[in-house]
$ cat query-v9.cif   # mmCIF, C-alpha atoms
data_query
#
loop_
_atom_site.group_PDB
_atom_site.id
_atom_site.type_symbol
_atom_site.label_atom_id
_atom_site.label_comp_id
_atom_site.auth_asym_id
_atom_site.auth_seq_id
_atom_site.Cartn_x
_atom_site.Cartn_y
_atom_site.Cartn_z
ATOM 1 C CA MET A 1201 0.000 0.000 0.000
ATOM 2 C CA ALA A 1202 1.425 3.352 -1.037
ATOM 3 C CA ASN A 1203 1.409 6.550 0.908
ATOM 4 C CA SER A 1204 -1.154 9.126 -0.103
ATOM 5 C CA GLN A 1205 -1.079 12.874 0.214
ATOM 6 C CA ALA A 1206 -3.915 14.251 2.316
ATOM 7 C CA ILE A 1207 -4.962 16.692 4.965
ATOM 8 C CA CYS A 1208 -5.732 14.334 7.802
ATOM 9 C CA THR A 1209 -9.400 14.066 8.614
ATOM 10 C CA SER A 1210 -8.597 14.036 12.303
ATOM 11 C CA PHE A 1211 -6.981 17.460 11.860
ATOM 12 C CA LYS A 1212 -10.217 18.815 10.387
ATOM 13 C CA VAL A 1213 -12.181 17.606 13.394
ATOM 14 C CA GLU A 1214 -9.530 18.978 15.719
ATOM 15 C CA LEU A 1215 -9.768 22.377 14.034
ATOM 16 C CA LEU A 1216 -13.434 22.447 14.983
ATOM 17 C CA ASN A 1217 -12.433 21.481 18.511
ATOM 18 C CA GLY A 1218 -9.809 24.225 18.783
ATOM 19 C CA ILE A 1219 -6.895 21.811 19.222
ATOM 20 C CA HIS A 1220 -4.449 23.318 16.718
ATOM 21 C CA ALA A 1221 -3.099 26.868 16.679
ATOM 22 C CA LEU A 1222 -1.006 27.638 13.616
ATOM 23 C CA GLY A 1223 -0.761 31.254 14.657
ATOM 24 C CA THR A 1224 -1.230 33.304 17.792
ATOM 25 C CA THR A 1225 -4.121 31.926 19.747
ATOM 26 C CA VAL A 1226 -6.011 32.663 22.932
ATOM 27 C CA THR A 1227 -5.536 31.375 26.445
ATOM 28 C CA ARG A 1228 -8.404 29.074 27.056
ATOM 29 C CA GLY A 1229 -10.015 28.934 30.466
ATOM 30 C CA GLY A 1230 -10.696 25.227 30.315
ATOM 31 C CA THR A 1231 -11.588 22.346 28.101
ATOM 32 C CA SER A 1232 -15.301 23.056 27.815
ATOM 33 C CA ALA A 1233 -16.914 24.027 24.558
ATOM 34 C CA ASP A 1234 -17.292 27.736 23.985
ATOM 35 C CA THR A 1235 -20.671 29.418 24.195
ATOM 36 C CA PHE A 1236 -22.191 30.219 20.835
ATOM 37 C CA LYS A 1237 -25.066 32.523 20.018
ATOM 38 C CA ALA A 1238 -27.311 33.310 17.073
ATOM 39 C CA ALA A 1239 -28.420 36.854 16.287
ATOM 40 C CA LEU A 1240 -30.945 37.953 13.676
ATOM 41 C CA TYR A 1241 -30.265 40.802 11.243
ATOM 42 C CA LEU A 1242 -32.416 43.150 9.261
ATOM 43 C CA ALA A 1243 -32.649 42.670 5.521
ATOM 44 C CA SER A 1244 -31.034 46.082 5.173
ATOM 45 C CA ALA A 1245 -27.863 44.983 6.985
ATOM 46 C CA THR A 1246 -24.678 43.891 5.208
ATOM 47 C CA TYR A 1247 -23.323 40.907 7.088
ATOM 48 C CA GLY A 1248 -21.438 38.224 5.207
ATOM 49 C CA ALA A 1249 -18.011 36.727 4.610
ATOM 50 C CA SER A 1250 -16.216 39.873 5.739
ATOM 51 C CA THR A 1251 -18.000 39.916 9.104
ATOM 52 C CA THR A 1252 -15.533 39.314 11.922
ATOM 53 C CA ALA A 1253 -17.664 39.617 15.044
ATOM 54 C CA TYR A 1254 -21.138 40.182 16.390
ATOM 55 C CA SER A 1255 -22.398 43.749 16.259
ATOM 56 C CA ALA A 1256 -25.685 45.244 17.352
ATOM 57 C CA THR A 1257 -25.719 47.357 14.202
ATOM 58 C CA GLY A 1258 -28.506 46.146 11.978
ATOM 59 C CA GLU A 1259 -29.703 43.592 14.503
ATOM 60 C CA VAL A 1260 -33.444 43.096 14.806
ATOM 61 C CA SER A 1261 -35.309 44.478 17.779
ATOM 62 C CA GLY A 1262 -38.763 43.873 19.060
ATOM 63 C CA THR A 1263 -40.937 42.298 21.706
ATOM 64 C CA ASN A 1264 -39.293 39.317 23.441
ATOM 65 C CA TYR A 1265 -36.100 39.550 21.377
ATOM 66 C CA THR A 1266 -32.968 40.098 23.434
ATOM 67 C CA ALA A 1267 -30.064 41.879 21.757
ATOM 68 C CA GLY A 1268 -27.269 39.415 21.108
ATOM 69 C CA GLY A 1269 -29.663 36.672 20.180
ATOM 70 C CA ALA A 1270 -30.112 33.133 21.471
ATOM 71 C CA THR A 1271 -27.569 30.677 22.861
ATOM 72 C CA PHE A 1272 -27.116 27.308 21.222
ATOM 73 C CA THR A 1273 -24.737 24.354 21.390
ATOM 74 C CA TRP A 1274 -23.049 22.337 18.671
ATOM 75 C CA VAL A 1275 -23.124 18.593 18.305
ATOM 76 C CA ALA A 1276 -19.615 17.349 19.110
ATOM 77 C CA PRO A 1277 -17.606 17.583 15.869
ATOM 78 C CA THR A 1278 -16.997 14.306 14.137
ATOM 79 C CA SER A 1279 -16.193 13.050 10.659
ATOM 80 C CA SER A 1280 -17.390 10.747 7.946
ATOM 81 C CA GLY A 1281 -15.180 9.893 5.025
ATOM 82 C CA THR A 1282 -12.825 12.859 4.825
ATOM 83 C CA THR A 1283 -15.370 15.477 5.920
ATOM 84 C CA ALA A 1284 -15.477 16.920 9.421
ATOM 85 C CA TYR A 1285 -18.784 18.400 10.441
ATOM 86 C CA SER A 1286 -21.015 19.740 13.170
ATOM 87 C CA THR A 1287 -24.495 21.232 13.449
ATOM 88 C CA PRO A 1288 -26.342 23.060 16.220
ATOM 89 C CA SER A 1289 -27.776 20.366 18.432
ATOM 90 C CA ALA A 1290 -31.341 21.688 18.311
ATOM 91 C CA SER A 1291 -33.523 24.200 16.551
ATOM 92 C CA ILE A 1292 -32.809 27.819 17.413
ATOM 93 C CA SER A 1293 -36.089 29.510 18.322
ATOM 94 C CA TRP A 1294 -37.496 32.817 19.391
ATOM 95 C CA THR A 1295 -40.897 32.441 21.006
ATOM 96 C CA THR A 1296 -43.784 34.907 20.958
ATOM 97 C CA VAL A 1297 -41.708 37.633 19.363
ATOM 98 C CA THR A 1298 -42.769 40.577 17.305
ATOM 99 C CA LEU A 1299 -40.140 41.620 14.783
ATOM 100 C CA SER A 1300 -41.848 44.154 12.575
ATOM 101 C CA THR A 1301 -38.945 45.191 10.371
ATOM 102 C CA ALA A 1302 -38.017 42.653 7.704
ATOM 103 C CA PHE A 1303 -35.031 40.452 8.530
ATOM 104 C CA ASP A 1304 -33.311 37.798 6.471
ATOM 105 C CA ALA A 1305 -30.129 36.609 8.157
ATOM 106 C CA VAL A 1306 -28.727 34.980 11.243
ATOM 107 C CA LEU A 1307 -25.158 35.397 12.469
ATOM 108 C CA LEU A 1308 -23.712 32.504 14.438
ATOM 109 C CA TYR A 1309 -20.909 33.687 16.679
ATOM 110 C CA ASN A 1310 -18.704 32.684 19.571
ATOM 111 C CA SER A 1311 -19.625 34.704 22.620
ATOM 112 C CA THR A 1312 -16.808 33.153 24.655
ATOM 113 C CA GLN A 1313 -14.155 34.352 22.226
ATOM 114 C CA SER A 1314 -14.952 38.051 22.009
ATOM 115 C CA ASN A 1315 -18.080 37.424 19.932
ATOM 116 C CA LYS A 1316 -16.028 36.303 16.941
ATOM 117 C CA ALA A 1317 -18.130 35.386 13.915
ATOM 118 C CA VAL A 1318 -18.693 31.848 12.670
ATOM 119 C CA GLY A 1319 -21.033 32.300 9.757
ATOM 120 C CA VAL A 1320 -23.973 34.127 8.298
ATOM 121 C CA TYR A 1321 -26.964 32.229 7.006
ATOM 122 C CA THR A 1322 -29.608 33.944 4.923
ATOM 123 C CA PHE A 1323 -33.220 33.043 4.305
ATOM 124 C CA GLY A 1324 -36.210 34.760 2.796
ATOM 125 C CA SER A 1325 -36.947 38.226 4.123
ATOM 126 C CA THR A 1326 -39.661 37.967 6.741
ATOM 127 C CA THR A 1327 -41.327 39.516 9.770
ATOM 128 C CA VAL A 1328 -42.917 37.898 12.793
ATOM 129 C CA THR A 1329 -46.000 39.102 14.660
ATOM 130 C CA ALA A 1330 -46.745 37.731 18.137
ATOM 131 C CA GLY A 1331 -45.432 34.427 16.880
ATOM 132 C CA ASN A 1332 -42.458 32.127 16.778
ATOM 133 C CA PHE A 1333 -39.385 32.194 14.587
ATOM 134 C CA THR A 1334 -37.619 28.867 14.335
ATOM 135 C CA LEU A 1335 -34.428 27.888 12.563
ATOM 136 C CA THR A 1336 -34.653 24.141 12.119
ATOM 137 C CA MET A 1337 -31.283 22.524 11.593
ATOM 138 C CA PRO A 1338 -30.446 20.053 8.866
ATOM 139 C CA THR A 1339 -29.424 16.481 9.589
ATOM 140 C CA ASN A 1340 -25.987 16.425 11.149
ATOM 141 C CA ASP A 1341 -23.989 14.423 8.648
ATOM 142 C CA SER A 1342 -21.159 14.915 6.192
ATOM 143 C CA SER A 1343 -23.415 16.064 3.369
ATOM 144 C CA THR A 1344 -25.947 18.274 5.130
ATOM 145 C CA GLY A 1345 -24.349 19.266 8.449
ATOM 146 C CA LEU A 1346 -24.412 23.018 8.901
ATOM 147 C CA LEU A 1347 -20.655 23.399 9.353
ATOM 148 C CA ARG A 1348 -18.431 21.142 7.292
ATOM 149 C CA ILE A 1349 -14.743 20.947 6.434
ATOM 150 C CA ALA A 1350 -14.429 18.703 3.425
ATOM 151 C CA MET B 1209 -64.732 36.990 23.771
ATOM 152 C CA ASP B 1210 -66.331 33.678 24.725
ATOM 153 C CA ASP B 1211 -64.308 31.910 27.441
ATOM 154 C CA GLN B 1212 -65.453 28.520 26.132
ATOM 155 C CA LYS B 1213 -64.064 29.032 22.639
ATOM 156 C CA PRO B 1214 -60.506 28.128 21.609
ATOM 157 C CA LYS B 1215 -58.208 31.135 21.733
ATOM 158 C CA ILE B 1216 -55.143 32.182 19.803
ATOM 159 C CA TRP B 1217 -52.444 34.443 21.243
ATOM 160 C CA THR B 1218 -52.047 37.495 19.045
ATOM 161 C CA LYS B 1219 -50.585 40.977 19.127
ATOM 162 C CA TYR B 1220 -53.770 41.993 20.925
ATOM 163 C CA GLY B 1221 -53.658 39.144 23.413
ATOM 164 C CA LEU B 1222 -56.036 36.204 23.275
ATOM 165 C CA ILE B 1223 -58.622 36.303 20.485
ATOM 166 C CA ASP B 1224 -61.270 33.720 19.677
ATOM 167 C CA GLU B 1225 -59.954 31.445 16.954
ATOM 168 C CA SER B 1226 -63.323 31.761 15.235
ATOM 169 C CA ASP B 1227 -62.688 35.476 14.729
ATOM 170 C CA LEU B 1228 -59.486 34.761 12.790
ATOM 171 C CA VAL B 1229 -58.593 33.465 9.366
ATOM 172 C CA TYR B 1230 -55.652 31.071 9.198
ATOM 173 C CA SER B 1231 -53.356 30.646 6.216
ATOM 174 C CA HIS B 1232 -49.978 29.078 5.642
ATOM 175 C CA GLU B 1233 -47.315 29.164 2.981
ATOM 176 C CA TRP B 1234 -44.346 27.010 1.988
ATOM 177 C CA THR B 1235 -41.296 28.433 0.254
ATOM 178 C CA ASP B 1236 -38.723 26.001 -1.092
ATOM 179 C CA THR B 1237 -35.388 27.278 -2.407
ATOM 180 C CA GLU B 1238 -31.910 25.822 -2.840
ATOM 181 C CA GLU B 1239 -30.817 27.323 0.470
ATOM 182 C CA TYR B 1240 -33.827 26.838 2.725
ATOM 183 C CA ILE B 1241 -37.397 25.702 3.152
ATOM 184 C CA SER B 1242 -39.664 28.160 4.917
ATOM 185 C CA PHE B 1243 -43.067 27.497 6.424
ATOM 186 C CA SER B 1244 -45.092 30.463 7.626
ATOM 187 C CA GLU B 1245 -48.425 30.632 9.421
ATOM 188 C CA THR B 1246 -50.600 33.707 9.476
ATOM 189 C CA TYR B 1247 -53.709 34.632 11.430
ATOM 190 C CA LYS B 1248 -55.724 37.604 10.219
ATOM 191 C CA LYS B 1249 -58.764 39.205 11.799
ATOM 192 C CA LYS B 1250 -61.930 38.347 9.900
ATOM 193 C CA SER B 1251 -63.226 41.851 10.479
ATOM 194 C CA ASP B 1252 -60.532 43.834 8.692
ATOM 195 C CA GLY B 1253 -57.836 41.419 7.546
ATOM 196 C CA GLU B 1254 -55.192 42.743 9.908
ATOM 197 C CA VAL B 1255 -52.343 40.305 10.554
ATOM 198 C CA VAL B 1256 -52.362 39.646 14.281
ATOM 199 C CA LYS B 1257 -50.100 36.611 14.412
ATOM 200 C CA HIS B 1258 -47.390 35.480 12.018
ATOM 201 C CA SER B 1259 -44.880 32.726 12.676
ATOM 202 C CA VAL B 1260 -42.035 31.535 10.469
ATOM 203 C CA HIS B 1261 -40.035 28.305 10.559
ATOM 204 C CA VAL B 1262 -36.930 27.939 8.425
ATOM 205 C CA LEU B 1263 -35.051 24.737 7.624
ATOM 206 C CA ALA B 1264 -31.511 25.354 6.463
ATOM 207 C CA LYS B 1265 -30.745 23.164 3.449
ATOM 208 C CA LYS B 1266 -27.366 24.471 2.370
ATOM 209 C CA PRO B 1267 -24.544 24.114 4.873
ATOM 210 C CA PHE B 1268 -21.800 26.628 5.431
ATOM 211 C CA ASP B 1269 -19.456 25.410 2.748
ATOM 212 C CA LEU B 1270 -15.977 25.192 4.164
ATOM 213 C CA ALA B 1271 -14.897 22.838 1.422
ATOM 214 C CA GLY B 1272 -12.180 25.282 0.458
ATOM 215 C CA ILE B 1273 -9.467 23.886 2.700
ATOM 216 C CA ALA B 1274 -6.897 22.765 0.185
ATOM 217 C CA GLN B 1275 -3.579 21.072 0.479
ATOM 218 C CA GLY B 1276 -0.554 22.667 -1.146
ATOM 219 C CA SER B 1277 2.297 20.789 -2.755
ATOM 220 C CA PHE B 1278 6.063 20.988 -2.424
#
$ encode --input "query-v9.cif" --output "structure tokens"
Amino acid sequence: MANSQAICTSFKVELLNGIHALGTTVTRGGTSADTFKAALYLASATYGASTTAYSATGEVSGTNYTAGGATFTWVAPTSSGTTAYSTPSASISWTTVTLSTAFDAVLLYNSTQSNKAVGVYTFGSTTVTAGNFTLTMPTNDSSTGLLRIA
Amino acid sequence: MDDQKPKIWTKYGLIDESDLVYSHEWTDTEEYISFSETYKKKSDGEVVKHSVHVLAKKPFDLAGIAQGSF
């Protein structure tokens, strides 16, 4: 059997677990997972790939919505084939909210690490009136998991 | 409001379900599926409750990690 060139799949999983630091890193307070949050943004905002951290600018506001958004946890990162992946462990919901100005994006960010950004997910522009807004997560696997390193 | 009738929580508090019109809508795109539910007052059509549920279909694509060569 010959050697084969590859980025090791275990390394991909370990990236998601914060094991490797190729550059300057942070001093971690322990081995627990960081706390992550999800914040909703107005359709008029401009969040995307260049976003580096959570900001209240352009965030939705309304009845029963707390600035900064909702806390969620990730399923422990794992891999299948050569893809490492993870997905929020449950739906992210806001209950009985009124968000009258159209919004169309959610920013997932790490509130433990200075609110550094993870990703922005967009959906159809919408409002909510005295109702619920739910982000239902896809199946956590190597093809549909929300966060994947292939 | 009749206390014996089913109620729906709205922007005006509890309203008899029989005084409301319910509708729902599915939106299916490459990135997401959205299901929304709307209750409007029969009297004037005002939206008094609107909920939205989004299923993310397209993951954050981090497939760009590439290996260089010597």
$ atom_distance --input "query-v9.cif" --atom1 "atom CA of Ser1250 of chain A" --atom2 "atom CA of Asn1310 of chain A"
15.8 Å
$ resolve_selection --input "query-v9.cif" --expression "the PyMOL selection byres ((chain A) within 9 of (chain B))" --output "VMD selection string"
chain A and resid 1205 to 1207 1283 1293 1296 to 1298 1319 to 1324 1326 to 1338 1343 to 1350
$ closest_residue --input "query-v9.cif" --among "A:Asp1341, A:Asn1264, A:Thr1312, A:Tyr1285" --to "Gly1229 of chain A" --atoms "all atoms listed in the file"
A:Thr1312
$ resolve_selection --input "query-v9.cif" --expression "the PyMOL selection byres ((chain A and resi 1209) around 10)" --output "NGL selection string"
:A and (1206-1208 or 1210-1215 or 1278-1284 or 1349-1350)
$ resolve_selection --input "query-v9.cif" --expression "the PyMOL selection byres ((chain B and resi 1229) around 12)" --output "list in words"
Ile1216, Ile1223, Asp1224, Glu1225, Ser1226, Asp1227, Leu1228, Tyr1230, Ser1231, His1232, Glu1245, Thr1246, Tyr1247, Lys1248, Lys1249, Lys1250, Ser1251, Asp1252, Gly1253, Glu1254, Val1255, Val1256, Lys1257 and His1258 of chain B
$ closest_residue --input "query-v9.cif" --among "A:Ser1255, A:Thr1295, A:Asn1340, A:Asn1217" --to "Ser1311 of chain A" --atoms "all atoms listed in the file"
A:Ser1255
$ atom_distance --input "query-v9.cif" --atom1 "atom CA of Ser1289 of chain A" --atom2 "atom CA of Thr1231 of chain A"
19.0 Å
$ axis_aligned_box --input "query-v9.cif" --around "segment 1260-1265 of chain B" --padding-each-side "8 Å" --output "AutoDock Vina command-line options"
--center_x -36.4 --center_y 27.3 --center_z 7.0 --size_x 27.3 --size_y 24.4 --size_z 23.1
$ atom_distance --input "query-v9.cif" --atom1 "atom CA of Tyr1265 of chain A" --atom2 "atom CA of Ser1300 of chain A"
11.5 Å
$ residues_around --input "query-v9.cif" --residues "segment 1259-1262 of chain A" --least-positions-apart "6" --cutoff "8 Å" --atoms "only C-alpha atoms" --output "mmCIF file with C-alpha atoms, in the coordinates of the input"
data_model
loop_
_atom_site.group_PDB
_atom_site.id
_atom_site.type_symbol
_atom_site.label_atom_id
_atom_site.label_comp_id
_atom_site.auth_asym_id
_atom_site.auth_seq_id
_atom_site.Cartn_x
_atom_site.Cartn_y
_atom_site.Cartn_z
ATOM 1 C CA ALA A 1239 -28.420 36.854 16.287
ATOM 2 C CA LEU A 1240 -30.945 37.953 13.676
ATOM 3 C CA TYR A 1241 -30.265 40.802 11.243
ATOM 4 C CA LEU A 1242 -32.416 43.150 9.261
ATOM 5 C CA ALA A 1245 -27.863 44.983 6.985
ATOM 6 C CA VAL A 1297 -41.708 37.633 19.363
ATOM 7 C CA THR A 1298 -42.769 40.577 17.305
ATOM 8 C CA LEU A 1299 -40.140 41.620 14.783
ATOM 9 C CA SER A 1300 -41.848 44.154 12.575
ATOM 10 C CA THR A 1301 -38.945 45.191 10.371
ATOM 11 C CA PHE A 1303 -35.031 40.452 8.530
#
